[in-house]
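Structure file protein-v7.cif (mmCIF, C-alpha atoms) is printed below.
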```cif
data_final
#
loop_
_atom_site.label_atom_id
_atom_site.label_comp_id
_atom_site.auth_asym_id
_atom_site.auth_seq_id
_atom_site.Cartn_x
_atom_site.Cartn_y
_atom_site.Cartn_z
CA MET A 69 -89.13 -12.99 -67.52
CA SER A 70 -89.77 -11.49 -70.94
CA TYR A 71 -86.98 -11.83 -73.50
CA ASP A 72 -86.37 -9.85 -76.68
CA PHE A 73 -85.67 -13.06 -78.58
CA GLN A 74 -86.17 -16.76 -77.94
CA TYR A 75 -85.31 -19.76 -80.10
CA ARG A 76 -85.69 -23.47 -79.49
CA ALA A 77 -83.43 -25.70 -81.61
CA SER A 78 -84.07 -29.41 -81.97
CA GLY A 79 -81.48 -32.13 -82.11
CA LYS A 80 -81.75 -34.96 -84.62
CA TRP A 81 -81.47 -38.69 -85.04
CA ILE A 82 -80.47 -40.41 -88.25
CA LEU A 83 -82.31 -43.41 -89.62
CA CYS A 84 -79.79 -44.23 -92.38
CA GLY A 85 -77.10 -42.41 -94.32
CA GLU A 86 -74.36 -41.51 -91.84
CA HIS A 87 -70.89 -40.68 -93.21
CA SER A 88 -71.77 -41.49 -96.84
CA VAL A 89 -73.92 -38.35 -96.93
CA ILE A 90 -70.70 -36.32 -96.88
CA ARG A 91 -69.81 -37.81 -100.26
CA GLY A 92 -73.16 -37.15 -101.89
CA ALA A 93 -75.18 -40.20 -100.84
CA PRO A 94 -78.72 -39.65 -99.47
CA ALA A 95 -79.68 -39.76 -95.79
CA ILE A 96 -82.86 -39.80 -93.73
CA ALA A 97 -83.08 -38.02 -90.39
CA PHE A 98 -85.77 -36.86 -87.97
CA PRO A 99 -85.80 -33.95 -85.51
CA PHE A 100 -85.30 -35.02 -81.90
CA LYS A 101 -87.83 -32.94 -79.99
CA HIS A 102 -87.63 -34.75 -76.65
CA LYS A 103 -84.62 -32.66 -75.68
CA GLN A 104 -83.69 -29.31 -77.19
CA LEU A 105 -81.40 -26.32 -76.91
CA ASN A 106 -83.08 -23.08 -75.85
CA LEU A 107 -81.47 -19.70 -76.54
CA ASN A 108 -82.95 -16.62 -74.83
CA TYR A 109 -81.69 -13.10 -75.47
CA GLU A 110 -82.20 -9.91 -73.50
CA HIS A 111 -81.11 -6.67 -75.15
CA THR A 112 -78.96 -4.40 -72.99
CA LYS A 113 -76.32 -1.75 -73.72
CA LEU A 114 -73.66 -3.78 -71.90
CA PRO A 115 -71.07 -5.99 -73.68
CA ILE A 116 -72.42 -9.40 -74.64
CA THR A 117 -72.49 -11.98 -71.85
CA ALA A 118 -73.93 -15.47 -71.55
CA GLU A 119 -74.93 -17.98 -68.89
CA PHE A 120 -75.51 -21.68 -69.30
CA SER A 121 -77.67 -24.33 -67.71
CA GLY A 122 -78.72 -27.88 -68.43
CA ASN A 123 -76.58 -30.60 -69.95
CA ALA A 124 -72.79 -30.24 -70.21
CA GLY A 125 -72.78 -26.60 -69.11
CA GLU A 126 -68.99 -26.20 -68.92
CA ASP A 127 -68.36 -27.89 -72.27
CA LEU A 128 -71.16 -25.88 -73.85
CA HIS A 129 -69.60 -22.67 -72.54
CA LEU A 130 -66.42 -23.32 -74.54
CA LEU A 131 -68.28 -24.48 -77.65
CA PHE A 132 -70.69 -21.55 -77.58
CA TRP A 133 -68.05 -18.84 -77.57
CA SER A 134 -66.16 -20.65 -80.33
CA VAL A 135 -69.32 -20.59 -82.45
CA ILE A 136 -69.95 -16.91 -81.64
CA GLU A 137 -66.40 -15.94 -82.59
CA LYS A 138 -66.63 -17.92 -85.83
CA GLY A 139 -69.96 -16.33 -86.71
CA LEU A 140 -68.72 -12.81 -86.08
CA GLU A 141 -65.55 -13.54 -88.05
CA LEU A 142 -67.63 -14.69 -91.04
CA LEU A 143 -69.68 -11.50 -90.78
CA ASN A 144 -66.58 -9.34 -90.26
CA ILE A 145 -68.00 -7.96 -87.02
CA ASN A 146 -66.06 -7.24 -83.85
CA ARG A 147 -67.40 -8.82 -80.65
CA SER A 148 -67.28 -5.40 -78.96
CA GLN A 149 -70.09 -4.31 -81.28
CA ILE A 150 -72.51 -6.89 -79.79
CA THR A 151 -74.38 -6.15 -76.58
CA GLY A 152 -76.93 -7.91 -74.40
CA HIS A 153 -77.26 -11.06 -72.31
CA LEU A 154 -77.88 -14.62 -73.47
CA LYS A 155 -79.25 -17.53 -71.47
CA ILE A 156 -78.67 -20.93 -73.02
CA ASN A 157 -80.38 -23.99 -71.60
CA ASN A 158 -79.18 -27.17 -73.27
CA GLN A 159 -80.85 -30.55 -72.83
CA LEU A 160 -78.97 -32.29 -75.65
CA PRO A 161 -76.05 -34.47 -74.54
CA ILE A 162 -72.86 -33.62 -76.40
CA GLY A 163 -71.01 -36.24 -78.45
CA THR A 164 -73.85 -38.75 -78.54
CA GLY A 165 -75.13 -38.44 -82.12
CA LEU A 166 -78.17 -36.30 -81.32
CA GLY A 167 -77.02 -33.16 -83.12
CA ALA A 168 -76.09 -30.83 -80.26
CA SER A 169 -73.55 -28.96 -82.42
CA ALA A 170 -76.11 -28.42 -85.20
CA ALA A 171 -78.71 -27.17 -82.72
CA LEU A 172 -76.19 -24.70 -81.29
CA SER A 173 -75.16 -23.54 -84.77
CA VAL A 174 -78.77 -22.99 -85.87
CA ALA A 175 -79.68 -21.19 -82.64
CA VAL A 176 -76.74 -18.79 -83.00
CA SER A 177 -77.61 -18.16 -86.66
CA GLN A 178 -81.21 -17.39 -85.77
CA TRP A 179 -80.04 -14.99 -83.06
CA LEU A 180 -77.79 -13.19 -85.57
CA ILE A 181 -80.80 -12.93 -87.89
CA HIS A 182 -82.74 -11.33 -85.02
CA LEU A 183 -79.93 -8.80 -84.62
CA GLN A 184 -80.24 -8.08 -88.37
CA LEU A 185 -76.66 -9.12 -88.93
CA LEU A 186 -77.56 -12.10 -91.14
CA GLU A 187 -80.13 -12.48 -93.91
CA PRO A 188 -82.75 -15.17 -93.11
CA SER A 189 -82.21 -16.79 -96.51
CA LEU A 190 -78.59 -17.50 -95.53
CA CYS A 191 -79.42 -19.36 -92.32
CA PHE A 192 -78.81 -22.88 -93.66
CA GLU A 193 -75.46 -22.19 -95.34
CA PHE A 194 -74.26 -20.00 -92.48
CA SER A 195 -75.16 -22.66 -89.91
CA LYS A 196 -73.24 -25.22 -91.97
CA GLN A 197 -70.15 -23.04 -91.80
CA LEU A 198 -70.52 -22.77 -88.05
CA GLU A 199 -70.90 -26.53 -87.71
CA ASN A 200 -67.67 -27.02 -89.62
CA LEU A 201 -66.00 -26.13 -86.33
CA PHE A 202 -67.11 -29.51 -85.02
CA HIS A 203 -67.21 -31.78 -88.07
CA LYS A 204 -64.45 -30.36 -90.30
CA LYS A 205 -66.89 -30.50 -93.22
CA SER A 206 -70.58 -30.45 -92.37
CA SER A 207 -72.85 -32.26 -94.82
CA GLY A 208 -75.71 -30.01 -93.74
CA LEU A 209 -77.91 -32.98 -92.78
CA ASP A 210 -78.00 -32.17 -89.06
CA ILE A 211 -78.62 -28.50 -89.81
CA ALA A 212 -81.49 -29.28 -92.17
CA CYS A 213 -83.07 -31.58 -89.61
CA SER A 214 -82.70 -29.12 -86.74
CA MET A 215 -84.49 -26.49 -88.84
CA SER A 216 -87.30 -28.87 -89.84
CA GLU A 217 -90.56 -29.79 -88.14
CA HIS A 218 -90.60 -33.15 -89.90
CA GLY A 219 -88.26 -35.84 -91.10
CA VAL A 220 -86.04 -35.04 -94.06
CA LEU A 221 -84.62 -36.92 -97.03
CA PHE A 222 -81.35 -35.11 -97.63
CA GLN A 223 -78.86 -35.31 -100.48
CA GLU A 224 -76.18 -32.81 -101.46
CA GLY A 225 -78.00 -29.88 -99.92
CA ASN A 226 -81.39 -30.82 -101.36
CA ILE A 227 -83.97 -31.18 -98.60
CA THR A 228 -87.17 -33.13 -99.16
CA PRO A 229 -89.72 -33.29 -96.31
CA LEU A 230 -90.39 -36.88 -95.26
CA LYS A 231 -93.70 -37.79 -93.64
CA PRO A 232 -93.96 -41.57 -93.17
CA ARG A 233 -97.31 -43.22 -93.90
CA TRP A 234 -96.96 -45.33 -90.77
CA HIS A 235 -95.18 -44.98 -87.45
CA PRO A 236 -92.75 -47.78 -86.68
CA ILE A 237 -92.04 -48.74 -83.09
CA TRP A 238 -88.52 -47.46 -82.81
CA ALA A 239 -86.47 -46.16 -79.92
CA LEU A 240 -83.19 -44.49 -79.04
CA SER A 241 -80.95 -45.53 -76.17
CA PHE A 242 -77.51 -44.52 -74.94
CA SER A 243 -74.73 -47.01 -75.60
CA GLY A 244 -72.74 -46.06 -72.52
CA SER A 245 -69.88 -44.16 -74.16
CA VAL A 246 -69.41 -40.90 -76.03
CA GLY A 247 -68.20 -40.82 -79.63
CA ILE A 248 -66.09 -38.05 -81.18
CA THR A 249 -67.41 -37.20 -84.62
CA SER A 250 -64.12 -35.89 -86.03
CA HIS A 251 -62.33 -39.12 -85.06
CA CYS A 252 -65.02 -41.23 -86.69
CA VAL A 253 -64.91 -39.18 -89.88
CA LYS A 254 -61.12 -39.58 -90.04
CA LYS A 255 -61.46 -43.33 -89.57
CA VAL A 256 -63.82 -43.60 -92.54
CA GLU A 257 -61.59 -41.35 -94.63
CA THR A 258 -58.60 -43.56 -93.80
CA LEU A 259 -60.50 -46.64 -95.00
CA LEU A 260 -61.41 -44.83 -98.21
CA ARG A 261 -57.75 -44.03 -98.87
CA GLN A 262 -56.48 -47.48 -98.02
CA SER A 263 -59.31 -49.49 -99.59
CA PRO A 264 -61.08 -47.23 -102.10
CA THR A 265 -63.07 -50.08 -103.65
CA LEU A 266 -64.45 -51.20 -100.28
CA GLY A 267 -65.09 -47.58 -99.32
CA ALA A 268 -67.13 -46.99 -102.47
CA GLU A 269 -69.06 -50.23 -101.93
CA LEU A 270 -69.96 -49.20 -98.37
CA ASP A 271 -71.13 -45.77 -99.56
CA ASP A 272 -73.34 -47.52 -102.12
CA GLN A 273 -74.62 -49.92 -99.46
CA MET A 274 -75.49 -47.07 -97.11
CA GLY A 275 -77.17 -45.21 -99.96
CA ASN A 276 -79.19 -48.30 -100.81
CA SER A 277 -80.29 -48.61 -97.18
CA VAL A 278 -81.66 -45.06 -97.39
CA HIS A 279 -83.62 -45.81 -100.57
CA LEU A 280 -84.99 -49.00 -99.00
CA ALA A 281 -86.03 -47.19 -95.81
CA ALA A 282 -87.69 -44.38 -97.80
CA LYS A 283 -89.61 -46.94 -99.84
CA ALA A 284 -90.71 -48.77 -96.69
CA LEU A 285 -91.97 -45.57 -95.06
CA SER A 286 -93.77 -44.41 -98.20
CA GLN A 287 -96.00 -47.51 -98.13
CA SER A 288 -98.82 -48.39 -95.78
CA LYS A 289 -97.97 -50.43 -92.71
CA SER A 290 -97.62 -54.10 -93.62
CA GLU A 291 -95.38 -57.08 -93.06
CA GLN A 292 -93.59 -56.16 -96.28
CA SER A 293 -92.92 -52.54 -95.32
CA PHE A 294 -91.70 -53.62 -91.87
CA ASN A 295 -89.33 -56.19 -93.39
CA MET A 296 -87.98 -53.58 -95.79
CA LEU A 297 -87.31 -51.15 -92.93
CA GLN A 298 -85.69 -53.93 -90.91
CA GLN A 299 -83.44 -54.77 -93.84
CA ALA A 300 -82.52 -51.10 -94.35
CA ILE A 301 -81.44 -50.64 -90.72
CA THR A 302 -79.48 -53.90 -90.75
CA GLN A 303 -77.65 -52.88 -93.95
CA ALA A 304 -76.76 -49.52 -92.41
CA CYS A 305 -75.47 -51.21 -89.26
CA ASP A 306 -73.25 -53.45 -91.36
CA CYS A 307 -71.62 -50.34 -92.82
CA PHE A 308 -70.74 -49.16 -89.31
CA LYS A 309 -69.21 -52.57 -88.59
CA GLN A 310 -67.05 -52.49 -91.70
CA TRP A 311 -66.03 -48.90 -90.97
CA GLN A 312 -64.96 -50.23 -87.54
CA LEU A 313 -67.17 -47.71 -85.78
CA ILE A 314 -68.83 -50.13 -83.38
CA ASN A 315 -66.75 -50.33 -80.21
CA ALA A 316 -67.23 -52.76 -77.32
CA ASP A 317 -69.76 -50.56 -75.49
CA VAL A 318 -71.89 -50.10 -78.60
CA GLN A 319 -71.74 -53.80 -79.52
CA SER A 320 -72.72 -54.82 -76.01
CA HIS A 321 -75.68 -52.46 -76.12
CA LEU A 322 -76.76 -53.65 -79.57
CA ASP A 323 -76.59 -57.25 -78.31
CA LEU A 324 -78.71 -56.36 -75.29
CA LEU A 325 -81.43 -54.81 -77.45
CA THR A 326 -81.39 -57.75 -79.87
CA ASP A 327 -81.60 -60.26 -77.02
CA LYS A 328 -84.61 -58.35 -75.69
CA GLY A 329 -86.42 -58.66 -79.02
CA ALA A 330 -85.35 -55.70 -81.19
CA LYS A 331 -85.69 -56.66 -84.86
CA ALA A 332 -82.98 -54.30 -86.11
CA VAL A 333 -80.38 -52.10 -84.41
CA LYS A 334 -77.71 -49.61 -85.48
CA PRO A 335 -75.73 -46.64 -84.19
CA THR A 336 -77.26 -43.25 -84.99
CA GLY A 337 -74.76 -40.49 -85.62
CA SER A 338 -71.03 -40.89 -86.13
CA GLY A 339 -70.63 -44.16 -84.21
CA SER A 340 -67.97 -45.37 -81.72
CA GLY A 341 -70.37 -44.47 -78.92
CA GLY A 342 -73.41 -42.28 -78.51
CA PHE A 343 -77.01 -43.34 -79.08
CA VAL A 344 -78.30 -46.32 -81.01
CA LEU A 345 -81.56 -46.90 -82.84
CA SER A 346 -83.69 -49.98 -82.36
CA LEU A 347 -86.72 -51.20 -84.35
CA TRP A 348 -89.39 -53.28 -82.62
CA GLU A 349 -92.23 -55.37 -83.95
CA GLN A 350 -94.06 -55.08 -80.65
CA LYS A 351 -93.84 -52.83 -77.62
CA PRO A 352 -90.40 -53.24 -75.96
CA PRO A 353 -90.18 -55.12 -72.63
CA GLU A 354 -90.96 -53.15 -69.48
CA ASP A 355 -87.48 -53.74 -68.06
CA LEU A 356 -86.06 -51.56 -70.87
CA LYS A 357 -88.39 -48.66 -70.13
CA LYS A 358 -85.73 -46.70 -68.21
CA ILE A 359 -83.20 -46.76 -71.05
CA LEU A 360 -85.37 -46.37 -74.14
CA ILE A 361 -86.64 -43.10 -75.60
CA MET A 362 -89.50 -43.85 -77.94
CA VAL A 363 -89.37 -41.66 -81.07
#
```
Give the structure from the file, written as structure tokens.
Amino acid sequence: MSYDFQYRASGKWILCGEHSVIRGAPAIAFPFKHKQLNLNYEHTKLPITAEFSGNAGEDLHLLFWSVIEKGLELLNINRSQITGHLKINNQLPIGTGLGASAALSVAVSQWLIHLQLLEPSLCFEFSKQLENLFHKKSSGLDIACSMSEHGVLFQEGNITPLKPRWHPIWALSFSGSVGITSHCVKKVETLLRQSPTLGAELDDQMGNSVHLAAKALSQSKSEQSFNMLQQAITQACDCFKQWQLINADVQSHLDLLTDKGAKAVKPTGSGSGGFVLSLWEQKPPEDLKKILIMV
């Protein structure tokens, strides 16, 4: 059928920079285009309704209306003033580090722009405010990546497009458990309060991993650039370990990938579950084909 408005929002995966990005450190992320969130809108004169399909339909139903209510509250608009029918098809698993909440926030913002209720120039900041529903305080990284066609180097709201000079063999795979971002953020904040020196050192270490990864990707493919990227991912993973954001499921999955030949592994996203990133020197073994998503 023909819709009055359609928008496809990408998820994201983070190479390095999780958590520390909230406190001003840099981060590198790439849009995850393998699975997306599709919002379709049909204008009618009836009160606004929505239907959902795809991944986590029931959970998405609750999240969606929370985002809508927050958006209308920010715009000082009553829900009764909005009409039409929305169809949301979501292929992004929720709570796995792939940016489902950012994709939903961006899609809703773009829809409000279509309705001429929001200025296009405000999309990024408005989407950040919507994502605060999920993350308490959104860094904006996931939003920036969802809105981008390419990778991004992100720091304190400054977005620099990142186009690597070579394409590493890296993959995403599900650890077997779901992580809750707000819980992970609180855990890191608790460490910062209890051990501020260690917390600052880990933020610096994660920031250094980002700079090392950016340097590796800015060079031509070589043994040196591969080793630099390997070191960057390993440093970032060590931060997750010291933040205590690698649970038994994640550790078991990281061990599996390493045993199968991955040269570096780390969680991607908030940790304590969700997806993990693996770097390979050669094509991964065939017996991992069913669990790996090459990115």
Next on the checklist: Please list as a PyMOL selection string every residue within 7 Å of range 159-176 of chain A, counting only C-alpha atoms and excluding residues in the same chain fewer than 4 positions away.
Outcome noted: chain A and resi 75+77-81+103-105+107+122-124+135+180+195+198-199+202+210-211+214+246-248+336-338+341-343
Okay, now the selection with C-alpha atoms, as a JSON list (two decimals), keeping the file's coordinate frame?
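Just written: selection_35.json:
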```
[["chain", "number", "residue", "atom", "x", "y", "z"],
["A", 75, "TYR", "CA", -85.31, -19.76, -80.10],
["A", 77, "ALA", "CA", -83.43, -25.70, -81.61],
["A", 78, "SER", "CA", -84.07, -29.41, -81.97],
["A", 79, "GLY", "CA", -81.48, -32.13, -82.11],
["A", 80, "LYS", "CA", -81.75, -34.96, -84.62],
["A", 81, "TRP", "CA", -81.47, -38.69, -85.04],
["A", 103, "LYS", "CA", -84.62, -32.66, -75.68],
["A", 104, "GLN", "CA", -83.69, -29.31, -77.19],
["A", 105, "LEU", "CA", -81.40, -26.32, -76.91],
["A", 107, "LEU", "CA", -81.47, -19.70, -76.54],
["A", 122, "GLY", "CA", -78.72, -27.88, -68.43],
["A", 123, "ASN", "CA", -76.58, -30.60, -69.95],
["A", 124, "ALA", "CA", -72.79, -30.24, -70.21],
["A", 135, "VAL", "CA", -69.32, -20.59, -82.45],
["A", 180, "LEU", "CA", -77.79, -13.19, -85.57],
["A", 195, "SER", "CA", -75.16, -22.66, -89.91],
["A", 198, "LEU", "CA", -70.52, -22.77, -88.05],
["A", 199, "GLU", "CA", -70.90, -26.53, -87.71],
["A", 202, "PHE", "CA", -67.11, -29.51, -85.02],
["A", 210, "ASP", "CA", -78.00, -32.17, -89.06],
["A", 211, "ILE", "CA", -78.62, -28.50, -89.81],
["A", 214, "SER", "CA", -82.70, -29.12, -86.74],
["A", 246, "VAL", "CA", -69.41, -40.90, -76.03],
["A", 247, "GLY", "CA", -68.20, -40.82, -79.63],
["A", 248, "ILE", "CA", -66.09, -38.05, -81.18],
["A", 336, "THR", "CA", -77.26, -43.25, -84.99],
["A", 337, "GLY", "CA", -74.76, -40.49, -85.62],
["A", 338, "SER", "CA", -71.03, -40.89, -86.13],
["A", 341, "GLY", "CA", -70.37, -44.47, -78.92],
["A", 342, "GLY", "CA", -73.41, -42.28, -78.51],
["A", 343, "PHE", "CA", -77.01, -43.34, -79.08]]
```
Checklist entry - CA of Glu349 in chain A to CA of Ser286 in chain A: how many Å, to one decimal? => result 18.0 Å
What residues come out when you apply the PyMOL selection byres ((chain A and resi 254-257) around 12) to this file, written as an mmCIF file with C-alpha atoms, keeping the file's coordinate frame?
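And here is the file that came out, part-v3.cif:
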```cif
data_model
loop_
_atom_site.group_PDB
_atom_site.id
_atom_site.type_symbol
_atom_site.label_atom_id
_atom_site.label_comp_id
_atom_site.auth_asym_id
_atom_site.auth_seq_id
_atom_site.Cartn_x
_atom_site.Cartn_y
_atom_site.Cartn_z
ATOM 1 C CA GLU A 86 -74.360 -41.510 -91.840
ATOM 2 C CA HIS A 87 -70.890 -40.680 -93.210
ATOM 3 C CA SER A 88 -71.770 -41.490 -96.840
ATOM 4 C CA ILE A 90 -70.700 -36.320 -96.880
ATOM 5 C CA ARG A 91 -69.810 -37.810 -100.260
ATOM 6 C CA HIS A 203 -67.210 -31.780 -88.070
ATOM 7 C CA LYS A 204 -64.450 -30.360 -90.300
ATOM 8 C CA LYS A 205 -66.890 -30.500 -93.220
ATOM 9 C CA ILE A 248 -66.090 -38.050 -81.180
ATOM 10 C CA THR A 249 -67.410 -37.200 -84.620
ATOM 11 C CA SER A 250 -64.120 -35.890 -86.030
ATOM 12 C CA HIS A 251 -62.330 -39.120 -85.060
ATOM 13 C CA CYS A 252 -65.020 -41.230 -86.690
ATOM 14 C CA VAL A 253 -64.910 -39.180 -89.880
ATOM 15 C CA THR A 258 -58.600 -43.560 -93.800
ATOM 16 C CA LEU A 259 -60.500 -46.640 -95.000
ATOM 17 C CA LEU A 260 -61.410 -44.830 -98.210
ATOM 18 C CA ARG A 261 -57.750 -44.030 -98.870
ATOM 19 C CA GLN A 262 -56.480 -47.480 -98.020
ATOM 20 C CA SER A 263 -59.310 -49.490 -99.590
ATOM 21 C CA PRO A 264 -61.080 -47.230 -102.100
ATOM 22 C CA LEU A 266 -64.450 -51.200 -100.280
ATOM 23 C CA GLY A 267 -65.090 -47.580 -99.320
ATOM 24 C CA ALA A 268 -67.130 -46.990 -102.470
ATOM 25 C CA LEU A 270 -69.960 -49.200 -98.370
ATOM 26 C CA ASP A 271 -71.130 -45.770 -99.560
ATOM 27 C CA CYS A 307 -71.620 -50.340 -92.820
ATOM 28 C CA PHE A 308 -70.740 -49.160 -89.310
ATOM 29 C CA LYS A 309 -69.210 -52.570 -88.590
ATOM 30 C CA GLN A 310 -67.050 -52.490 -91.700
ATOM 31 C CA TRP A 311 -66.030 -48.900 -90.970
ATOM 32 C CA GLN A 312 -64.960 -50.230 -87.540
ATOM 33 C CA LEU A 313 -67.170 -47.710 -85.780
ATOM 34 C CA ILE A 314 -68.830 -50.130 -83.380
ATOM 35 C CA SER A 338 -71.030 -40.890 -86.130
ATOM 36 C CA GLY A 339 -70.630 -44.160 -84.210
ATOM 37 C CA SER A 340 -67.970 -45.370 -81.720
#
```
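Nearest-residue note for Ile361 in chain A: choosing from A:Trp238, A:Ile181, A:Ala97, A:Leu186, the minimum distance belongs to A:Trp238, counting only C-alpha atoms.
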Item to check | Exercise: Leu114 in chain A partners within 12 Å, all atoms listed in the file, chain neighbours under 3 positions left out, as a count of residues only | outcome: 12
Next on the checklist: I need the residue nearest Asn295 in chain A from this list: A:Pro236, A:Val89, A:Asp317, A:Pro353. Use all atoms listed in the file for the distance.
Outcome noted: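 With all atoms listed in the file as the atom set, the closest residue is A:Pro236.
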Item to check | Between CA of Lys334 in chain A and CA of Cys305 in chain A, distance in Å (one decimal) | outcome: 4.7 Å
Item to check | Closest of A:Ala304, A:Leu240, A:Glu269, A:Gln298 to Lys357 in chain A - atom-to-atom distances counting all atoms listed in the file | outcome: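 Checking each candidate against Lys357 in chain A, we get A:Leu240 as the closest.
Counting all atoms listed in the file, the residue from A:Ala95, A:Ser206, A:Ile116, A:Asn276 that sits nearest to Gly219 in chain A is A:Ala95.
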Checklist entry - In Å, how far is it from CA of Val318 in chain A to CA of Gly85 in chain A? => result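 Between CA of Val318 in chain A and CA of Gly85 in chain A the gap works out to 18.3 Å.
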Checklist entry - Can you tell me, as a PyMOL selection string, which residues sit within 8 Å of (-99.3, -50.2, -89.3) in the file's frame, using all atoms listed in the file? => result chain A and resi 234-236+288-290
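Those residues positioned at most 8 Å from (-84.5, -20.4, -73.1) are Gln74, Tyr75, Arg76, Leu105, Asn106, Leu107, Asn108, Lys155, Ile156 and Asn157 of chain A, judged using all atoms listed in the file.
Shortest separation to Glu137 in chain A among A:Ile96, A:Leu325, A:Leu209, A:Leu201 occurs at residue A:Leu201, atoms counted being all atoms listed in the file.
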Checklist entry - How would you write, as a list of chain:residue names, the residues chosen by the PyMOL selection byres ((chain A and resi 285) around 8) on this structure? => result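 With the PyMOL selection byres ((chain A and resi 285) around 8) on this model, the match is A:Pro232, A:Arg233, A:Trp234, A:Ala281, A:Ala282, A:Lys283, A:Ala284, A:Ser286, A:Gln287, A:Ser288, A:Ser293, A:Leu297.
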Please determine an axis-aligned box that encloses all atoms of range 251-261 of chain A listed in the file, with 8 Å added on each side, and express its centre and edge lengths in Å to one decimal as AutoDock Vina command-line options.
```
--center_x -61.4 --center_y -42.9 --center_z -92.0 --size_x 23.3 --size_y 23.5 --size_z 29.8
```
Checklist entry - Of the residues A:Asp355, A:Lys196, A:Val278, A:Leu130, which is the one nearest to Leu221 in chain A, using all atoms listed in the file? => result A:Val278
Next on the checklist: Once the PyMOL selection byres ((chain A and resi 72) around 6) has been evaluated on this model, what residues remain selected, and can you format them as a list of chain:residue names?
Outcome noted: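 Selected by the PyMOL selection byres ((chain A and resi 72) around 6) here: A:Tyr71, A:Phe73, A:Tyr109, A:Glu110.
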Could the residues in this selection be written to a file with C-alpha atoms, as a PDB file, in the frame of the given file?
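Now in selection_17.pdb:
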```pdb
ATOM      1  CA  TYR A  71     -86.980 -11.830 -73.500  1.00  0.00           C
ATOM      2  CA  PHE A  73     -85.670 -13.060 -78.580  1.00  0.00           C
ATOM      3  CA  TYR A 109     -81.690 -13.100 -75.470  1.00  0.00           C
ATOM      4  CA  GLU A 110     -82.200  -9.910 -73.500  1.00  0.00           C
TER       5      GLU A 110
END
```
Item to check | Nearby residues (only C-alpha atoms) at most 12 Å from Lys331 in chain A, same-chain spacing under 4 positions excluded, as a list in words | outcome: Pro236, Ile237, Trp238, Ala239, Phe294, Asn295, Met296, Leu297, Gln298, Gln299, Ala300, Ile301, Thr302, Leu322, Asp323, Leu324, Leu325, Thr326, Asp327, Leu345, Ser346, Leu347, Trp348, Glu349, Gln350, Lys351 and Pro352 of chain A
At a cut-off of 6 Å, using only C-alpha atoms, what residues contact Phe222 in chain A? Leave out same-chain residues fewer than 3 positions from it and give the result as an mmCIF file with C-alpha atoms, in the frame of the given file.
```cif
data_model
loop_
_atom_site.group_PDB
_atom_site.id
_atom_site.type_symbol
_atom_site.label_atom_id
_atom_site.label_comp_id
_atom_site.auth_asym_id
_atom_site.auth_seq_id
_atom_site.Cartn_x
_atom_site.Cartn_y
_atom_site.Cartn_z
ATOM 1 C CA PRO A 94 -78.720 -39.650 -99.470
ATOM 2 C CA ALA A 95 -79.680 -39.760 -95.790
ATOM 3 C CA ASN A 226 -81.390 -30.820 -101.360
ATOM 4 C CA ILE A 227 -83.970 -31.180 -98.600
#
```
